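Okay, data-v5.cif is below, mmCIF, N, CA and C atoms:
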data_my_file
loop_
_atom_site.label_atom_id
_atom_site.label_comp_id
_atom_site.auth_asym_id
_atom_site.auth_seq_id
_atom_site.Cartn_x
_atom_site.Cartn_y
_atom_site.Cartn_z
N GLN A 1 -13.12 22.07 26.72
CA GLN A 1 -13.40 20.67 26.94
C GLN A 1 -12.94 19.87 25.72
N VAL A 2 -12.35 18.73 25.97
CA VAL A 2 -11.85 17.88 24.91
C VAL A 2 -12.91 16.84 24.55
N MET A 3 -13.14 16.72 23.25
CA MET A 3 -14.11 15.73 22.78
C MET A 3 -13.50 14.34 22.88
N PRO A 4 -14.26 13.34 23.31
CA PRO A 4 -13.71 11.98 23.37
C PRO A 4 -13.20 11.55 22.00
N TRP A 5 -12.11 10.78 21.99
CA TRP A 5 -11.45 10.38 20.75
C TRP A 5 -12.37 9.60 19.83
N PHE A 6 -13.34 8.87 20.37
CA PHE A 6 -14.16 7.99 19.53
C PHE A 6 -15.30 8.72 18.83
N VAL A 7 -15.67 9.89 19.27
CA VAL A 7 -16.81 10.59 18.68
C VAL A 7 -16.59 10.93 17.20
N PRO A 8 -15.46 11.55 16.81
CA PRO A 8 -15.29 11.85 15.39
C PRO A 8 -15.28 10.60 14.52
N TRP A 9 -14.66 9.52 15.00
CA TRP A 9 -14.59 8.30 14.20
C TRP A 9 -15.94 7.63 14.07
N MET A 10 -16.79 7.79 15.09
CA MET A 10 -18.15 7.25 14.98
C MET A 10 -18.88 7.94 13.83
N ALA A 11 -18.67 9.24 13.71
CA ALA A 11 -19.32 9.99 12.62
C ALA A 11 -18.76 9.56 11.27
N VAL A 12 -17.45 9.39 11.19
CA VAL A 12 -16.82 8.95 9.94
C VAL A 12 -17.33 7.56 9.57
N ASP A 13 -17.36 6.66 10.55
CA ASP A 13 -17.86 5.31 10.28
C ASP A 13 -19.29 5.34 9.77
N TYR A 14 -20.12 6.16 10.39
CA TYR A 14 -21.52 6.26 9.97
C TYR A 14 -21.63 6.79 8.54
N LEU A 15 -20.86 7.83 8.24
CA LEU A 15 -20.94 8.45 6.91
C LEU A 15 -20.36 7.56 5.82
N LEU A 16 -19.41 6.72 6.16
CA LEU A 16 -18.76 5.87 5.14
C LEU A 16 -19.34 4.46 5.05
N LYS A 17 -20.33 4.15 5.85
CA LYS A 17 -20.87 2.79 5.87
C LYS A 17 -21.34 2.35 4.49
N SER A 18 -22.07 3.18 3.78
CA SER A 18 -22.59 2.78 2.46
C SER A 18 -21.45 2.61 1.46
N VAL A 19 -20.42 3.44 1.56
CA VAL A 19 -19.26 3.31 0.66
C VAL A 19 -18.53 2.01 0.94
N ARG A 20 -18.33 1.70 2.20
CA ARG A 20 -17.66 0.44 2.56
C ARG A 20 -18.46 -0.76 2.09
N THR A 21 -19.77 -0.71 2.27
CA THR A 21 -20.63 -1.82 1.83
C THR A 21 -20.54 -2.00 0.33
N LYS A 22 -20.56 -0.90 -0.40
CA LYS A 22 -20.45 -0.96 -1.87
C LYS A 22 -19.12 -1.60 -2.28
N HIS A 23 -18.03 -1.16 -1.68
CA HIS A 23 -16.71 -1.69 -2.04
C HIS A 23 -16.53 -3.14 -1.59
N GLU A 24 -17.14 -3.50 -0.49
CA GLU A 24 -17.08 -4.90 -0.08
C GLU A 24 -17.76 -5.77 -1.13
N GLY A 25 -18.88 -5.29 -1.68
CA GLY A 25 -19.56 -6.03 -2.74
C GLY A 25 -18.70 -6.16 -3.98
N LEU A 26 -17.98 -5.09 -4.34
CA LEU A 26 -17.09 -5.13 -5.50
C LEU A 26 -15.97 -6.14 -5.28
N VAL A 27 -15.43 -6.16 -4.06
CA VAL A 27 -14.36 -7.12 -3.75
C VAL A 27 -14.90 -8.54 -3.82
N ARG A 28 -16.09 -8.76 -3.30
CA ARG A 28 -16.69 -10.10 -3.34
C ARG A 28 -16.86 -10.59 -4.78
N ASN A 29 -17.13 -9.68 -5.70
CA ASN A 29 -17.28 -10.06 -7.11
C ASN A 29 -15.97 -10.52 -7.72
N VAL A 30 -14.86 -9.96 -7.25
CA VAL A 30 -13.55 -10.28 -7.81
C VAL A 30 -12.88 -11.42 -7.06
N VAL A 31 -12.94 -11.38 -5.75
CA VAL A 31 -12.28 -12.38 -4.91
C VAL A 31 -13.34 -13.42 -4.53
N THR A 32 -13.51 -14.39 -5.40
CA THR A 32 -14.56 -15.38 -5.19
C THR A 32 -14.09 -16.62 -4.44
N ASP A 33 -12.78 -16.79 -4.32
CA ASP A 33 -12.25 -18.00 -3.68
C ASP A 33 -11.96 -17.83 -2.19
N VAL A 34 -12.25 -16.65 -1.63
CA VAL A 34 -11.97 -16.38 -0.23
C VAL A 34 -13.18 -15.68 0.38
N ASP A 35 -13.51 -16.05 1.59
CA ASP A 35 -14.59 -15.38 2.32
C ASP A 35 -14.04 -14.06 2.84
N VAL A 36 -14.45 -12.97 2.22
CA VAL A 36 -13.88 -11.66 2.59
C VAL A 36 -14.26 -11.22 3.99
N SER A 37 -15.24 -11.88 4.60
CA SER A 37 -15.59 -11.52 5.98
C SER A 37 -14.65 -12.17 6.99
N GLN A 38 -13.81 -13.09 6.54
CA GLN A 38 -12.86 -13.77 7.42
C GLN A 38 -11.49 -13.11 7.29
N GLU A 39 -11.11 -12.35 8.31
CA GLU A 39 -9.86 -11.61 8.25
C GLU A 39 -8.66 -12.53 8.03
N SER A 40 -8.64 -13.68 8.70
CA SER A 40 -7.49 -14.58 8.57
C SER A 40 -7.36 -15.10 7.14
N ALA A 41 -8.48 -15.38 6.49
CA ALA A 41 -8.45 -15.85 5.11
C ALA A 41 -7.97 -14.74 4.17
N MET A 42 -8.43 -13.53 4.41
CA MET A 42 -8.01 -12.40 3.57
C MET A 42 -6.53 -12.09 3.78
N ARG A 43 -6.07 -12.21 5.01
CA ARG A 43 -4.65 -11.96 5.28
C ARG A 43 -3.79 -13.00 4.57
N GLN A 44 -4.23 -14.25 4.59
CA GLN A 44 -3.49 -15.30 3.88
C GLN A 44 -3.47 -15.03 2.39
N ARG A 45 -4.58 -14.55 1.86
CA ARG A 45 -4.65 -14.20 0.42
C ARG A 45 -3.68 -13.06 0.12
N LEU A 46 -3.61 -12.07 1.01
CA LEU A 46 -2.67 -10.97 0.85
C LEU A 46 -1.24 -11.48 0.85
N LEU A 47 -0.91 -12.36 1.79
CA LEU A 47 0.44 -12.91 1.85
C LEU A 47 0.78 -13.69 0.59
N THR A 48 -0.19 -14.38 0.01
CA THR A 48 0.03 -15.10 -1.25
C THR A 48 0.35 -14.11 -2.37
N GLU A 49 -0.36 -13.00 -2.40
CA GLU A 49 -0.09 -11.96 -3.41
C GLU A 49 1.29 -11.35 -3.21
N LEU A 50 1.66 -11.09 -1.96
CA LEU A 50 2.99 -10.52 -1.69
C LEU A 50 4.09 -11.51 -2.04
N GLN A 51 3.83 -12.79 -1.82
CA GLN A 51 4.80 -13.83 -2.20
C GLN A 51 5.01 -13.81 -3.72
N TYR A 52 3.94 -13.58 -4.48
CA TYR A 52 4.05 -13.48 -5.93
C TYR A 52 5.01 -12.35 -6.32
N PHE A 53 4.87 -11.20 -5.67
CA PHE A 53 5.76 -10.08 -5.97
C PHE A 53 7.20 -10.42 -5.60
N GLN A 54 7.38 -11.09 -4.46
CA GLN A 54 8.73 -11.46 -4.06
C GLN A 54 9.36 -12.41 -5.09
N GLU A 55 8.58 -13.30 -5.65
CA GLU A 55 9.10 -14.25 -6.63
C GLU A 55 9.61 -13.55 -7.89
N CYS A 56 9.15 -12.33 -8.13
CA CYS A 56 9.68 -11.54 -9.26
C CYS A 56 11.14 -11.16 -9.01
N LEU A 57 11.52 -11.11 -7.74
CA LEU A 57 12.89 -10.76 -7.36
C LEU A 57 13.68 -12.06 -7.24
N GLU A 58 14.42 -12.40 -8.27
CA GLU A 58 15.13 -13.68 -8.29
C GLU A 58 16.27 -13.74 -7.29
N THR A 59 16.87 -12.58 -6.99
CA THR A 59 17.94 -12.49 -6.00
C THR A 59 17.72 -11.24 -5.15
N GLU A 60 18.42 -11.16 -4.03
CA GLU A 60 18.32 -9.96 -3.19
C GLU A 60 18.94 -8.75 -3.86
N GLU A 61 19.84 -8.99 -4.81
CA GLU A 61 20.52 -7.89 -5.48
C GLU A 61 19.73 -7.33 -6.66
N GLN A 62 18.69 -8.04 -7.11
CA GLN A 62 17.91 -7.56 -8.25
C GLN A 62 17.23 -6.25 -7.86
N PRO A 63 17.53 -5.15 -8.57
CA PRO A 63 17.04 -3.85 -8.13
C PRO A 63 15.57 -3.58 -8.45
N PHE A 64 15.03 -4.24 -9.47
CA PHE A 64 13.66 -3.96 -9.88
C PHE A 64 12.90 -5.25 -10.14
N LEU A 65 11.58 -5.19 -10.10
CA LEU A 65 10.77 -6.39 -10.21
C LEU A 65 10.91 -7.11 -11.54
N ILE A 66 11.13 -6.36 -12.60
CA ILE A 66 11.31 -6.98 -13.91
C ILE A 66 12.80 -7.25 -14.11
N PRO A 67 13.17 -8.53 -14.20
CA PRO A 67 14.59 -8.87 -14.34
C PRO A 67 15.21 -8.16 -15.55
N GLY A 68 16.40 -7.62 -15.33
CA GLY A 68 17.12 -6.94 -16.40
C GLY A 68 16.77 -5.47 -16.56
N ALA A 69 15.74 -5.00 -15.87
CA ALA A 69 15.37 -3.58 -15.97
C ALA A 69 16.48 -2.74 -15.35
N THR A 70 16.80 -1.63 -15.99
CA THR A 70 17.84 -0.75 -15.47
C THR A 70 17.27 0.46 -14.73
N HIS A 71 15.96 0.63 -14.84
CA HIS A 71 15.26 1.71 -14.14
C HIS A 71 13.95 1.12 -13.60
N PRO A 72 13.38 1.74 -12.57
CA PRO A 72 12.11 1.23 -12.06
C PRO A 72 11.01 1.37 -13.12
N THR A 73 10.09 0.42 -13.10
CA THR A 73 8.97 0.41 -14.04
C THR A 73 7.68 0.72 -13.30
N ALA A 74 6.60 0.75 -14.04
CA ALA A 74 5.28 0.96 -13.42
C ALA A 74 5.01 -0.14 -12.39
N ALA A 75 5.45 -1.35 -12.68
CA ALA A 75 5.27 -2.45 -11.73
C ALA A 75 5.96 -2.13 -10.41
N ASP A 76 7.18 -1.63 -10.47
CA ASP A 76 7.92 -1.29 -9.25
C ASP A 76 7.18 -0.23 -8.44
N PHE A 77 6.74 0.81 -9.11
CA PHE A 77 6.09 1.89 -8.37
C PHE A 77 4.73 1.46 -7.84
N SER A 78 4.03 0.61 -8.56
CA SER A 78 2.73 0.11 -8.08
C SER A 78 2.90 -0.72 -6.82
N VAL A 79 3.84 -1.64 -6.84
CA VAL A 79 4.06 -2.50 -5.68
C VAL A 79 4.64 -1.69 -4.53
N TYR A 80 5.55 -0.78 -4.85
CA TYR A 80 6.13 0.08 -3.81
C TYR A 80 5.03 0.86 -3.08
N CYS A 81 4.12 1.46 -3.82
CA CYS A 81 3.04 2.23 -3.19
C CYS A 81 2.12 1.33 -2.36
N LEU A 82 1.86 0.14 -2.87
CA LEU A 82 1.04 -0.82 -2.12
C LEU A 82 1.72 -1.15 -0.80
N LEU A 83 3.01 -1.47 -0.85
CA LEU A 83 3.74 -1.81 0.37
C LEU A 83 3.84 -0.62 1.32
N GLU A 84 4.00 0.56 0.77
CA GLU A 84 4.07 1.76 1.61
C GLU A 84 2.78 1.90 2.39
N ARG A 85 1.65 1.67 1.74
CA ARG A 85 0.36 1.80 2.42
C ARG A 85 0.16 0.68 3.44
N LEU A 86 0.66 -0.50 3.13
CA LEU A 86 0.49 -1.63 4.05
C LEU A 86 1.44 -1.58 5.24
N VAL A 87 2.73 -1.37 4.98
CA VAL A 87 3.73 -1.54 6.04
C VAL A 87 4.70 -0.39 6.20
N GLY A 88 4.61 0.64 5.37
CA GLY A 88 5.58 1.73 5.44
C GLY A 88 5.55 2.43 6.78
N PRO A 89 6.71 2.64 7.40
CA PRO A 89 6.73 3.29 8.71
C PRO A 89 6.22 4.73 8.62
N PHE A 90 5.49 5.12 9.65
CA PHE A 90 4.95 6.48 9.69
C PHE A 90 6.04 7.50 9.96
N ASP A 91 7.02 7.11 10.75
CA ASP A 91 8.08 8.04 11.12
C ASP A 91 9.43 7.38 10.89
N PRO A 92 10.19 7.78 9.91
CA PRO A 92 9.89 8.90 9.02
C PRO A 92 9.02 8.44 7.85
N PRO A 93 8.18 9.33 7.36
CA PRO A 93 7.36 8.97 6.21
C PRO A 93 8.20 8.92 4.94
N SER A 94 7.72 8.21 3.95
CA SER A 94 8.45 8.15 2.68
C SER A 94 8.00 9.27 1.75
N SER A 95 7.03 10.03 2.19
CA SER A 95 6.51 11.08 1.33
C SER A 95 6.40 12.38 2.10
N ASP A 96 5.92 13.38 1.41
CA ASP A 96 5.74 14.67 2.06
C ASP A 96 4.38 14.74 2.76
N TYR A 97 3.64 13.64 2.77
CA TYR A 97 2.36 13.58 3.45
C TYR A 97 2.29 12.25 4.20
N PRO A 98 2.56 12.25 5.50
CA PRO A 98 2.62 10.99 6.25
C PRO A 98 1.26 10.31 6.36
N ILE A 99 1.25 9.02 6.11
CA ILE A 99 0.04 8.20 6.22
C ILE A 99 0.41 6.99 7.07
N TYR A 100 -0.41 6.69 8.05
CA TYR A 100 -0.14 5.53 8.90
C TYR A 100 -0.28 4.24 8.09
N PRO A 101 0.60 3.26 8.33
CA PRO A 101 0.50 1.99 7.63
C PRO A 101 -0.73 1.21 8.10
N ALA A 102 -1.32 0.45 7.19
CA ALA A 102 -2.52 -0.31 7.50
C ALA A 102 -2.23 -1.56 8.32
N ILE A 103 -1.15 -2.27 7.97
CA ILE A 103 -0.83 -3.53 8.64
C ILE A 103 0.68 -3.60 8.91
N PRO A 104 1.19 -2.73 9.77
CA PRO A 104 2.64 -2.67 9.98
C PRO A 104 3.25 -3.97 10.50
N GLU A 105 2.44 -4.79 11.16
CA GLU A 105 2.98 -6.02 11.74
C GLU A 105 3.36 -7.07 10.70
N LEU A 106 3.01 -6.85 9.43
CA LEU A 106 3.43 -7.78 8.38
C LEU A 106 4.94 -7.78 8.18
N LYS A 107 5.56 -6.63 8.47
CA LYS A 107 7.00 -6.48 8.22
C LYS A 107 7.71 -6.30 9.54
N PRO A 108 8.77 -7.02 9.78
CA PRO A 108 9.46 -7.99 8.93
C PRO A 108 8.83 -9.37 9.09
N GLY A 109 9.34 -10.31 8.32
CA GLY A 109 8.92 -11.68 8.48
C GLY A 109 7.98 -12.15 7.39
N ASN A 110 7.21 -13.18 7.73
CA ASN A 110 6.25 -13.81 6.82
C ASN A 110 6.91 -14.42 5.59
N GLY A 111 8.22 -14.71 5.69
CA GLY A 111 8.92 -15.33 4.57
C GLY A 111 9.08 -14.40 3.39
N LEU A 112 9.05 -13.10 3.63
CA LEU A 112 9.12 -12.11 2.55
C LEU A 112 10.37 -11.24 2.65
N ASP A 113 11.48 -11.82 3.09
CA ASP A 113 12.69 -11.03 3.34
C ASP A 113 13.20 -10.30 2.10
N ARG A 114 13.18 -10.95 0.92
CA ARG A 114 13.65 -10.27 -0.30
C ARG A 114 12.75 -9.08 -0.64
N LEU A 115 11.46 -9.27 -0.47
CA LEU A 115 10.51 -8.19 -0.77
C LEU A 115 10.71 -7.02 0.18
N TRP A 116 10.91 -7.31 1.48
CA TRP A 116 11.12 -6.24 2.45
C TRP A 116 12.42 -5.49 2.17
N LYS A 117 13.46 -6.19 1.79
CA LYS A 117 14.74 -5.53 1.46
C LYS A 117 14.55 -4.64 0.23
N TRP A 118 13.83 -5.15 -0.76
CA TRP A 118 13.56 -4.36 -1.97
C TRP A 118 12.74 -3.12 -1.60
N HIS A 119 11.74 -3.27 -0.75
CA HIS A 119 10.91 -2.15 -0.31
C HIS A 119 11.76 -1.09 0.39
N ASP A 120 12.65 -1.52 1.27
CA ASP A 120 13.52 -0.56 1.96
C ASP A 120 14.38 0.21 0.98
N LYS A 121 14.89 -0.48 -0.05
CA LYS A 121 15.73 0.21 -1.04
C LYS A 121 14.89 1.21 -1.85
N MET A 122 13.71 0.79 -2.28
CA MET A 122 12.84 1.71 -3.03
C MET A 122 12.49 2.91 -2.16
N ARG A 123 12.22 2.66 -0.89
CA ARG A 123 11.83 3.72 0.03
C ARG A 123 12.94 4.74 0.21
N SER A 124 14.17 4.26 0.28
CA SER A 124 15.28 5.19 0.48
C SER A 124 15.68 5.91 -0.81
N THR A 125 15.33 5.34 -1.94
CA THR A 125 15.75 5.91 -3.22
C THR A 125 14.69 6.80 -3.86
N TYR A 126 13.43 6.43 -3.74
CA TYR A 126 12.34 7.12 -4.44
C TYR A 126 11.32 7.65 -3.44
N LYS A 127 11.41 8.91 -3.14
CA LYS A 127 10.46 9.55 -2.23
C LYS A 127 9.18 9.88 -2.99
N VAL A 128 8.06 9.80 -2.29
CA VAL A 128 6.76 10.09 -2.88
C VAL A 128 6.43 11.54 -2.57
N GLN A 129 5.93 12.26 -3.56
CA GLN A 129 5.56 13.66 -3.35
C GLN A 129 4.10 13.84 -3.73
N PHE A 130 3.30 14.32 -2.77
CA PHE A 130 1.90 14.61 -3.01
C PHE A 130 1.66 16.12 -3.08
N LYS A 131 2.17 16.82 -2.08
CA LYS A 131 1.91 18.26 -1.98
C LYS A 131 2.61 19.02 -3.10
N GLY A 132 1.91 20.00 -3.63
CA GLY A 132 2.51 20.86 -4.65
C GLY A 132 2.59 20.23 -6.03
N ARG A 133 2.01 19.06 -6.20
CA ARG A 133 2.05 18.39 -7.50
C ARG A 133 0.80 18.75 -8.29
N ARG A 134 0.99 19.23 -9.46
CA ARG A 134 -0.12 19.56 -10.35
C ARG A 134 0.24 19.07 -11.74
N VAL A 135 -0.78 18.76 -12.50
CA VAL A 135 -0.56 18.37 -13.89
C VAL A 135 -0.03 19.60 -14.62
N PRO A 136 1.04 19.45 -15.42
CA PRO A 136 1.55 20.60 -16.16
C PRO A 136 0.45 21.18 -17.06
N LYS A 137 0.41 22.50 -17.15
CA LYS A 137 -0.64 23.17 -17.93
C LYS A 137 -0.68 22.70 -19.37
N GLU A 138 0.48 22.41 -19.95
CA GLU A 138 0.52 21.97 -21.36
C GLU A 138 -0.11 20.60 -21.54
N MET A 139 -0.27 19.84 -20.45
CA MET A 139 -0.91 18.52 -20.55
C MET A 139 -2.39 18.56 -20.29
N MET A 140 -2.90 19.66 -19.79
CA MET A 140 -4.31 19.74 -19.42
C MET A 140 -5.23 19.47 -20.60
N SER A 141 -4.85 19.88 -21.79
CA SER A 141 -5.70 19.66 -22.96
C SER A 141 -5.76 18.19 -23.35
N GLU A 142 -4.80 17.38 -22.88
CA GLU A 142 -4.77 15.96 -23.22
C GLU A 142 -5.63 15.12 -22.29
N LEU A 143 -6.07 15.69 -21.19
CA LEU A 143 -6.86 14.92 -20.21
C LEU A 143 -8.31 14.85 -20.58
#
Let me see whether you can do it: turn the structure in this file into structure tokens.
Amino acid sequence: QVMPWFVPWMAVDYLLKSVRTKHEGLVRNVVTDVDVSQESAMRQRLLTELQYFQECLETEEQPFLIPGATHPTAADFSVYCLLERLVGPFDPPSSDYPIYPAIPELKPGNGLDRLWKWHDKMRSTYKVQFKGRRVPKEMMSEL
């Protein structure tokens, strides 16, 4: 017999309720200018943040967020991972561990064409690897 699809998620929702409530409180402490219970307001805030990242790209040809950079920086990888989680296509995944995007409908559009083009280039150039990654033994003493 097959268990109904909603049963496991009901259990997950129940078990994570306190964690979600805690994190919602943390977000409310930081994001004071937006009602976090209003999805449309939060989405607009997200689009404003994404617009900020796009403004770092002065032209469509600029390869990295910091003008003049010849290699990707921490800023590039941070924004790339954020975008991957938000809009990265599940198939094919950009990493060795596929994760469904949270808000795939954001891409394309929303006046973020330069950012989406940059994301596609990062995605095709820099694959994310989760499986089989361990801190080198010689670095363990530094942690």
State, in Å with one decimal place, the distance from atom CA of A:Asp76 to atom C of A:Glu60.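 It comes out at 14.4 Å.
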If you measure from atom N of A:Leu112 to atom CA of A:Pro92, what distance in Å do you get, rounded to one decimal?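 Separating atom N of A:Leu112 from atom CA of A:Pro92 is a distance of 22.7 Å.
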If you measure from atom CA of A:Gly111 to atom N of A:Val27, what distance in Å do you get, rounded to one decimal?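 Going from atom CA of A:Gly111 over to atom N of A:Val27, I get 27.4 Å.
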Ranking A:Leu16, A:Leu115, A:Ala74, A:Ile66 by minimum distance to A:Glu49 and counting only C-alpha atoms, which one comes first?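 Among the listed residues, the smallest separation from A:Glu49 belongs to A:Leu115.
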Apply DSSP to the structure's backbone, then extract all residues of chain A labelled helix (DSSP H, G or I) and return them as a PyMOL selection string. chain A and resi 6-30+39-56+74-87+104-106+113-125+137-142
Go through A:Arg85, A:Lys127, A:Arg43, A:Lys22 one by one, measure the shortest atom-to-atom distance of each to A:Ala102 using only N, CA and C atoms, and give the residue with the smallest value. A:Arg85
Check which residues satisfy the PyMOL selection byres ((chain A and resi 65) around 8) in the file shown, then give them as a count of residues only. 18
Using only C-alpha atoms, can you tell me which of A:Thr21, A:Asp120, A:Thr32, A:Leu82 comes closest to A:Pro108?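 Smallest separation from A:Pro108 among the options: A:Asp120.
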